[in-house]
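Raw contents of data.tsv, TSV, C-alpha atoms:
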```tsv
chain	number	residue	atom	x	y	z
A	1	MET	CA	0.00	0.00	0.00
A	2	ILE	CA	1.22	3.52	-0.84
A	3	LYS	CA	0.45	5.89	2.00
A	4	PHE	CA	-0.59	9.47	1.31
A	5	LYS	CA	-0.91	12.40	3.63
A	6	GLN	CA	-4.50	12.21	4.87
A	7	GLY	CA	-5.11	8.47	4.77
A	8	LEU	CA	-7.99	6.22	3.65
A	9	ILE	CA	-9.50	3.68	6.02
A	10	ALA	CA	-11.48	0.85	4.40
A	11	ILE	CA	-14.05	-0.68	6.74
A	12	VAL	CA	-15.52	-4.03	5.71
A	13	GLN	CA	-18.96	-4.52	7.26
A	14	ALA	CA	-19.54	-8.20	8.04
A	15	ARG	CA	-21.61	-10.58	10.14
A	16	THR	CA	-22.59	-14.25	10.04
A	17	SER	CA	-26.21	-13.79	11.09
A	18	SER	CA	-27.55	-12.83	7.67
A	19	LYS	CA	-31.27	-13.60	7.52
A	20	ARG	CA	-31.34	-14.79	3.91
A	21	LEU	CA	-28.06	-16.71	3.87
A	22	PRO	CA	-26.53	-17.18	7.34
A	23	GLY	CA	-22.78	-17.62	7.45
A	24	LYS	CA	-22.28	-16.62	3.81
A	25	VAL	CA	-19.13	-14.58	4.49
A	26	LEU	CA	-17.35	-17.80	5.52
A	27	PHE	CA	-18.57	-19.87	2.54
A	28	PRO	CA	-15.80	-21.21	0.27
A	29	PHE	CA	-15.04	-18.91	-2.64
A	30	GLY	CA	-11.98	-18.50	-4.81
A	31	PRO	CA	-8.67	-19.35	-3.14
A	32	ASN	CA	-10.17	-18.82	0.33
A	33	ASN	CA	-13.70	-18.04	1.47
A	34	VAL	CA	-15.93	-15.06	0.69
A	35	ILE	CA	-14.44	-12.60	3.17
A	36	GLY	CA	-10.91	-13.94	2.88
A	37	THR	CA	-10.95	-13.51	-0.89
A	38	LEU	CA	-12.47	-10.03	-0.54
A	39	LEU	CA	-9.81	-8.88	1.92
A	40	GLU	CA	-7.02	-10.21	-0.28
A	41	ARG	CA	-8.40	-8.37	-3.32
A	42	VAL	CA	-9.09	-5.11	-1.49
A	43	ASN	CA	-5.66	-5.18	0.14
A	44	LYS	CA	-4.12	-4.73	-3.32
A	45	SER	CA	-5.31	-1.11	-3.33
A	46	LYS	CA	-2.45	1.39	-3.56
A	47	MET	CA	-4.43	4.10	-1.75
A	48	ILE	CA	-5.93	2.37	1.28
A	49	THR	CA	-3.79	3.04	4.35
A	50	LYS	CA	-5.81	0.97	6.83
A	51	LEU	CA	-8.05	-2.05	6.22
A	52	LEU	CA	-10.18	-3.65	8.92
A	53	VAL	CA	-13.39	-5.59	9.50
A	54	ALA	CA	-16.23	-4.21	11.62
A	55	THR	CA	-18.47	-6.96	12.96
A	56	SER	CA	-20.81	-7.47	15.89
A	57	ASN	CA	-19.95	-8.36	19.47
A	58	GLU	CA	-22.42	-11.25	19.37
A	59	PRO	CA	-21.12	-14.81	19.96
A	60	SER	CA	-22.34	-15.67	16.45
A	61	ASP	CA	-19.48	-13.58	15.07
A	62	ASP	CA	-16.71	-15.07	17.21
A	63	GLU	CA	-15.63	-17.50	14.49
A	64	LEU	CA	-15.59	-14.71	11.91
A	65	SER	CA	-13.46	-12.51	14.17
A	66	VAL	CA	-10.96	-15.26	14.87
A	67	PHE	CA	-10.67	-16.07	11.18
A	68	VAL	CA	-10.11	-12.45	10.10
A	69	GLU	CA	-7.50	-11.92	12.82
A	70	SER	CA	-5.74	-15.12	11.71
A	71	LEU	CA	-5.21	-13.43	8.34
A	72	GLY	CA	-3.53	-10.51	10.07
A	73	TYR	CA	-6.34	-7.97	9.83
A	74	GLU	CA	-7.78	-5.87	12.65
A	75	VAL	CA	-11.33	-6.53	13.84
A	76	ASN	CA	-13.54	-3.94	15.54
A	77	ARG	CA	-16.67	-5.26	17.22
A	78	GLY	CA	-19.81	-3.43	18.25
A	79	SER	CA	-23.59	-3.40	18.11
A	80	LEU	CA	-25.21	-6.00	15.85
A	81	ASN	CA	-28.05	-3.77	14.65
A	82	ASN	CA	-26.62	-0.29	15.12
A	83	VAL	CA	-23.97	-0.58	12.42
A	84	PHE	CA	-23.72	3.21	12.13
A	85	GLU	CA	-22.47	3.36	15.70
A	86	ARG	CA	-20.06	0.51	14.93
A	87	PHE	CA	-18.61	2.61	12.11
A	88	TYR	CA	-18.72	5.82	14.14
A	89	ASN	CA	-16.62	4.35	16.94
A	90	THR	CA	-14.12	2.90	14.47
A	91	ILE	CA	-13.75	6.19	12.59
A	92	GLU	CA	-13.56	8.23	15.78
A	93	ASN	CA	-10.62	6.14	16.94
A	94	SER	CA	-8.72	6.34	13.65
A	95	SER	CA	-6.67	9.17	12.19
A	96	GLU	CA	-7.52	8.62	8.51
A	97	GLN	CA	-9.40	11.56	6.96
A	98	TYR	CA	-11.25	9.48	4.34
A	99	VAL	CA	-13.48	6.47	4.86
A	100	LEU	CA	-14.52	3.68	2.49
A	101	ARG	CA	-17.46	1.46	3.39
A	102	ILE	CA	-17.45	-2.05	1.93
A	103	THR	CA	-19.94	-4.85	2.54
A	104	ALA	CA	-18.57	-8.37	2.88
A	105	ASP	CA	-21.06	-9.82	0.39
A	106	CYS	CA	-19.08	-8.29	-2.52
A	107	PRO	CA	-16.06	-10.61	-2.85
A	108	LEU	CA	-15.11	-9.39	-6.34
A	109	LEU	CA	-14.29	-5.85	-5.26
A	110	CYS	CA	-10.68	-5.07	-6.06
A	111	GLY	CA	-8.01	-2.49	-5.46
A	112	GLU	CA	-8.10	-1.33	-9.07
A	113	LEU	CA	-11.70	-0.11	-8.87
A	114	ILE	CA	-11.23	1.32	-5.37
A	115	ASP	CA	-8.26	3.43	-6.47
A	116	GLU	CA	-10.03	4.58	-9.64
A	117	THR	CA	-13.16	5.68	-7.76
A	118	PHE	CA	-11.24	7.25	-4.88
A	119	THR	CA	-9.33	9.31	-7.43
A	120	TYR	CA	-12.69	10.69	-8.59
A	121	PHE	CA	-13.50	11.49	-5.00
A	122	LEU	CA	-10.29	13.41	-4.37
A	123	SER	CA	-10.47	15.32	-7.66
A	124	GLU	CA	-14.01	16.53	-7.01
A	125	GLN	CA	-13.33	17.44	-3.36
A	126	CYS	CA	-16.64	15.92	-2.25
A	127	ASP	CA	-17.75	15.11	1.27
A	128	PHE	CA	-19.42	11.91	0.05
A	129	LEU	CA	-19.24	9.91	-3.14
A	130	SER	CA	-20.96	6.69	-4.13
A	131	ASN	CA	-21.34	4.41	-7.12
A	132	SER	CA	-24.08	2.45	-5.33
A	133	HIS	CA	-27.48	3.54	-6.64
A	134	PRO	CA	-29.97	2.59	-9.41
A	135	GLN	CA	-27.90	4.26	-12.17
A	136	GLY	CA	-24.63	3.10	-10.68
A	137	ILE	CA	-22.24	0.27	-11.18
A	138	VAL	CA	-23.03	-3.47	-11.40
A	139	ARG	CA	-24.06	-4.80	-7.99
A	140	GLY	CA	-21.09	-6.36	-6.30
A	141	PHE	CA	-18.77	-3.44	-7.09
A	142	ASP	CA	-20.46	-1.02	-4.67
A	143	LEU	CA	-18.27	1.61	-3.01
A	144	GLU	CA	-19.16	4.49	-0.70
A	145	PHE	CA	-16.59	7.12	0.30
A	146	VAL	CA	-17.08	9.80	2.94
A	147	THR	CA	-14.82	12.23	4.75
A	148	ARG	CA	-14.17	11.61	8.41
A	149	THR	CA	-15.42	15.12	9.21
A	150	ALA	CA	-18.77	14.62	7.46
A	151	PHE	CA	-19.36	11.22	9.07
A	152	LEU	CA	-18.59	12.35	12.59
A	153	ALA	CA	-20.80	15.43	12.11
A	154	VAL	CA	-23.93	13.27	11.82
A	155	ASN	CA	-26.25	13.49	14.82
A	156	LYS	CA	-26.55	9.81	15.79
A	157	SER	CA	-29.58	10.44	18.00
A	158	ILE	CA	-31.87	11.35	15.08
A	159	LEU	CA	-31.15	8.31	12.90
A	160	ASP	CA	-33.97	5.87	12.21
A	161	ALA	CA	-33.59	2.08	12.29
A	162	ASN	CA	-32.77	1.84	8.57
A	163	GLN	CA	-30.07	4.49	8.82
A	164	ARG	CA	-28.53	2.80	11.85
A	165	GLU	CA	-28.46	-0.60	10.16
A	166	HIS	CA	-27.30	0.42	6.67
A	167	VAL	CA	-24.94	3.26	7.68
A	168	MET	CA	-25.00	5.46	4.58
A	169	PRO	CA	-28.70	6.27	3.85
A	170	VAL	CA	-28.38	9.47	5.86
A	171	PHE	CA	-26.04	10.85	3.20
A	172	TYR	CA	-28.38	9.97	0.33
A	173	ARG	CA	-31.39	11.52	2.03
A	174	ASN	CA	-29.81	14.77	3.18
A	175	HIS	CA	-28.52	16.98	0.39
A	176	ASP	CA	-26.76	19.21	2.87
A	177	LEU	CA	-24.47	16.25	3.59
A	178	ILE	CA	-24.12	14.65	0.15
A	179	ARG	CA	-22.08	16.28	-2.60
A	180	GLY	CA	-21.27	13.63	-5.15
A	181	LEU	CA	-22.47	10.53	-6.97
A	182	VAL	CA	-20.64	8.59	-9.66
A	183	PHE	CA	-22.93	7.56	-12.51
A	184	TYR	CA	-21.98	4.91	-15.04
A	185	GLU	CA	-23.25	4.19	-18.51
A	186	PHE	CA	-23.29	0.40	-18.87
A	187	PRO	CA	-24.22	-1.65	-21.92
A	188	VAL	CA	-27.77	-3.00	-21.72
A	189	SER	CA	-26.46	-6.54	-21.23
A	190	ALA	CA	-24.88	-5.53	-17.92
A	191	ARG	CA	-27.95	-3.93	-16.40
A	192	GLY	CA	-29.50	-6.07	-13.72
A	193	LEU	CA	-26.36	-8.18	-13.37
A	194	ASN	CA	-25.68	-9.02	-9.73
A	195	LEU	CA	-22.20	-10.08	-8.62
A	196	SER	CA	-22.85	-9.75	-4.89
A	197	ILE	CA	-24.08	-12.52	-2.59
A	198	ASP	CA	-27.47	-12.05	-0.98
A	199	THR	CA	-29.14	-15.43	-1.49
A	200	ARG	CA	-28.12	-19.04	-2.09
A	201	SER	CA	-28.76	-18.62	-5.81
A	202	ASP	CA	-26.44	-15.59	-5.87
A	203	TYR	CA	-23.71	-17.63	-4.19
A	204	ASP	CA	-24.20	-20.60	-6.55
A	205	PHE	CA	-24.05	-18.25	-9.56
A	206	LEU	CA	-20.83	-16.60	-8.38
A	207	LYS	CA	-19.25	-20.00	-7.64
A	208	LYS	CA	-20.06	-21.22	-11.16
A	209	LEU	CA	-18.76	-17.97	-12.61
A	210	ASP	CA	-15.50	-18.46	-10.75
A	211	GLU	CA	-15.22	-22.09	-11.82
A	212	SER	CA	-15.70	-21.04	-15.45
A	213	TYR	CA	-13.77	-17.77	-15.60
A	214	LEU	CA	-11.65	-17.61	-12.41
A	215	VAL	CA	-13.16	-14.20	-11.66
A	216	SER	CA	-11.88	-14.30	-8.07
A	217	GLN	CA	-8.36	-13.95	-9.46
A	218	LEU	CA	-9.10	-11.19	-11.96
A	219	SER	CA	-9.16	-7.42	-11.62
A	220	TYR	CA	-12.34	-5.40	-12.15
A	221	GLN	CA	-11.40	-4.59	-15.76
A	222	GLU	CA	-10.40	-8.19	-16.46
A	223	ILE	CA	-13.75	-9.43	-15.11
A	224	LEU	CA	-15.60	-7.12	-17.50
A	225	ASN	CA	-13.44	-8.32	-20.38
A	226	ARG	CA	-13.91	-12.00	-19.49
A	227	LEU	CA	-17.70	-11.53	-19.36
A	228	GLY	CA	-17.70	-9.72	-22.68
A	229	LEU	CA	-18.80	-6.39	-21.22
A	230	ASP	CA	-17.60	-3.00	-22.33
A	231	ALA	CA	-15.99	-0.81	-19.69
A	232	PRO	CA	-18.54	1.66	-18.30
A	233	ARG	CA	-18.06	5.35	-18.81
A	234	GLY	CA	-18.23	7.15	-15.48
A	235	ARG	CA	-19.10	10.72	-14.63
A	236	VAL	CA	-19.41	12.58	-11.37
A	237	GLU	CA	-22.60	14.46	-10.61
A	238	LEU	CA	-22.44	16.93	-7.77
A	239	ILE	CA	-25.55	17.48	-5.69
A	240	PRO	CA	-25.96	21.19	-4.81
```

Take the structure in the file and write it out as structure tokens.
Amino acid sequence: MIKFKQGLIAIVQARTSSKRLPGKVLFPFGPNNVIGTLLERVNKSKMITKLLVATSNEPSDDELSVFVESLGYEVNRGSLNNVFERFYNTIENSSEQYVLRITADCPLLCGELIDETFTYFLSEQCDFLSNSHPQGIVRGFDLEFVTRTAFLAVNKSILDANQREHVMPVFYRNHDLIRGLVFYEFPVSARGLNLSIDTRSDYDFLKKLDESYLVSQLSYQEILNRLGLDAPRGRVELIP
């Protein structure tokens, strides 16, 4: 990793108590399991200065914590349902001025895409930037960047249950907080494609994709090429 002055902390949000597919982050995938493969791919970023996993303090996540620590990564544990607070405490205790939120059900995320999108973020001098929305990137490559200052400025006491669980909705809903979205123009064949893992069928699809194309070992651009998709054209739209 190449360190730069203000630092970028990447926080991987993970738990094993998923309602639709419990334990999915520890399912076999690629050369490791879902979260192990994700961490290995994300760790190739040249701009991330700190990478850790934020999980719950419930006994159900003990195995996950032990596994992640065995790989040499830091684990921060907190409330199961108040994930915003889990992030808040992690960010408050770190010195990095930029934050990247990643969900553990996206094992194909890679350093290449992270660095490309973060470069957008820095060039536009936004407080928040996301490629995760209806006109955004293919599901499974979702990234959300926010400045430390903007995140810690949020009044935690006014957040509703959805905002506490999913962390970033507060920035989408409040235009005084959000200043940037990255929109992509994808070929029609790519629209609706899901490369994240939410259900058993998603996992089975990704496993077959990896068996056929070794996508777990390819970069973002190489995955698009292997699937016969054109590279999307991105543009930043600032919200006044």

Would you list the contacts of Leu195 of chain A as a JSON list (two decimals) with C-alpha atoms, keeping the file's coordinate frame, taking every protein, DNA or RNA residue within 8 Å and counting all atoms listed in the file, but skipping same-chain residues closer than 2 positions in sequence?
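Result file part19.json:
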```json
[["chain", "number", "residue", "atom", "x", "y", "z"],
["A", 106, "CYS", "CA", -19.08, -8.29, -2.52],
["A", 108, "LEU", "CA", -15.11, -9.39, -6.34],
["A", 138, "VAL", "CA", -23.03, -3.47, -11.40],
["A", 139, "ARG", "CA", -24.06, -4.80, -7.99],
["A", 140, "GLY", "CA", -21.09, -6.36, -6.30],
["A", 141, "PHE", "CA", -18.77, -3.44, -7.09],
["A", 193, "LEU", "CA", -26.36, -8.18, -13.37],
["A", 197, "ILE", "CA", -24.08, -12.52, -2.59],
["A", 202, "ASP", "CA", -26.44, -15.59, -5.87],
["A", 206, "LEU", "CA", -20.83, -16.60, -8.38]]
```

Of A:Leu8, A:Val75, A:Leu229, A:Leu39, the one sitting nearest Thr119 of chain A when using all atoms listed in the file is A:Leu8

List every protein, DNA or RNA residue that has an atom no more than 9 Å from (-22.8, -9.5, 18.1) in the file's coordinate frame, counting only C-alpha atoms, and report them as a PDB file with C-alpha atoms, keeping the file's coordinate frame.
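Writing done, so here's result09.pdb:
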```pdb
ATOM      1  CA  ARG A  15     -21.610 -10.580  10.140  1.00  0.00           C
ATOM      2  CA  SER A  17     -26.210 -13.790  11.090  1.00  0.00           C
ATOM      3  CA  THR A  55     -18.470  -6.960  12.960  1.00  0.00           C
ATOM      4  CA  SER A  56     -20.810  -7.470  15.890  1.00  0.00           C
ATOM      5  CA  ASN A  57     -19.950  -8.360  19.470  1.00  0.00           C
ATOM      6  CA  GLU A  58     -22.420 -11.250  19.370  1.00  0.00           C
ATOM      7  CA  PRO A  59     -21.120 -14.810  19.960  1.00  0.00           C
ATOM      8  CA  SER A  60     -22.340 -15.670  16.450  1.00  0.00           C
ATOM      9  CA  ASP A  61     -19.480 -13.580  15.070  1.00  0.00           C
ATOM     10  CA  ASP A  62     -16.710 -15.070  17.210  1.00  0.00           C
ATOM     11  CA  ARG A  77     -16.670  -5.260  17.220  1.00  0.00           C
ATOM     12  CA  GLY A  78     -19.810  -3.430  18.250  1.00  0.00           C
ATOM     13  CA  SER A  79     -23.590  -3.400  18.110  1.00  0.00           C
ATOM     14  CA  LEU A  80     -25.210  -6.000  15.850  1.00  0.00           C
ATOM     15  CA  ASN A  81     -28.050  -3.770  14.650  1.00  0.00           C
TER      16      ASN A  81
END
```

Any idea what's packed within 12 Å of Gln221 of chain A, counting all atoms listed in the file, ignoring anything in its chain fewer than 5 positions away? Could you give it as a list in words? Leu108, Leu109, Cys110, Gly111, Glu112, Leu113, Ile114, Glu116, Phe141, Val215, Arg226, Leu227, Gly228, Leu229, Asp230, Ala231 and Pro232 of chain A

Could you pull the residues within 8 Å of segment 163-166 of chain A, counting only C-alpha atoms, minus those fewer than 5 positions along the same chain, as a list in words?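 Near segment 163-166 of chain A, the qualifying residues are Asn81, Asn82, Val83, Phe84 and Glu85 of chain A.
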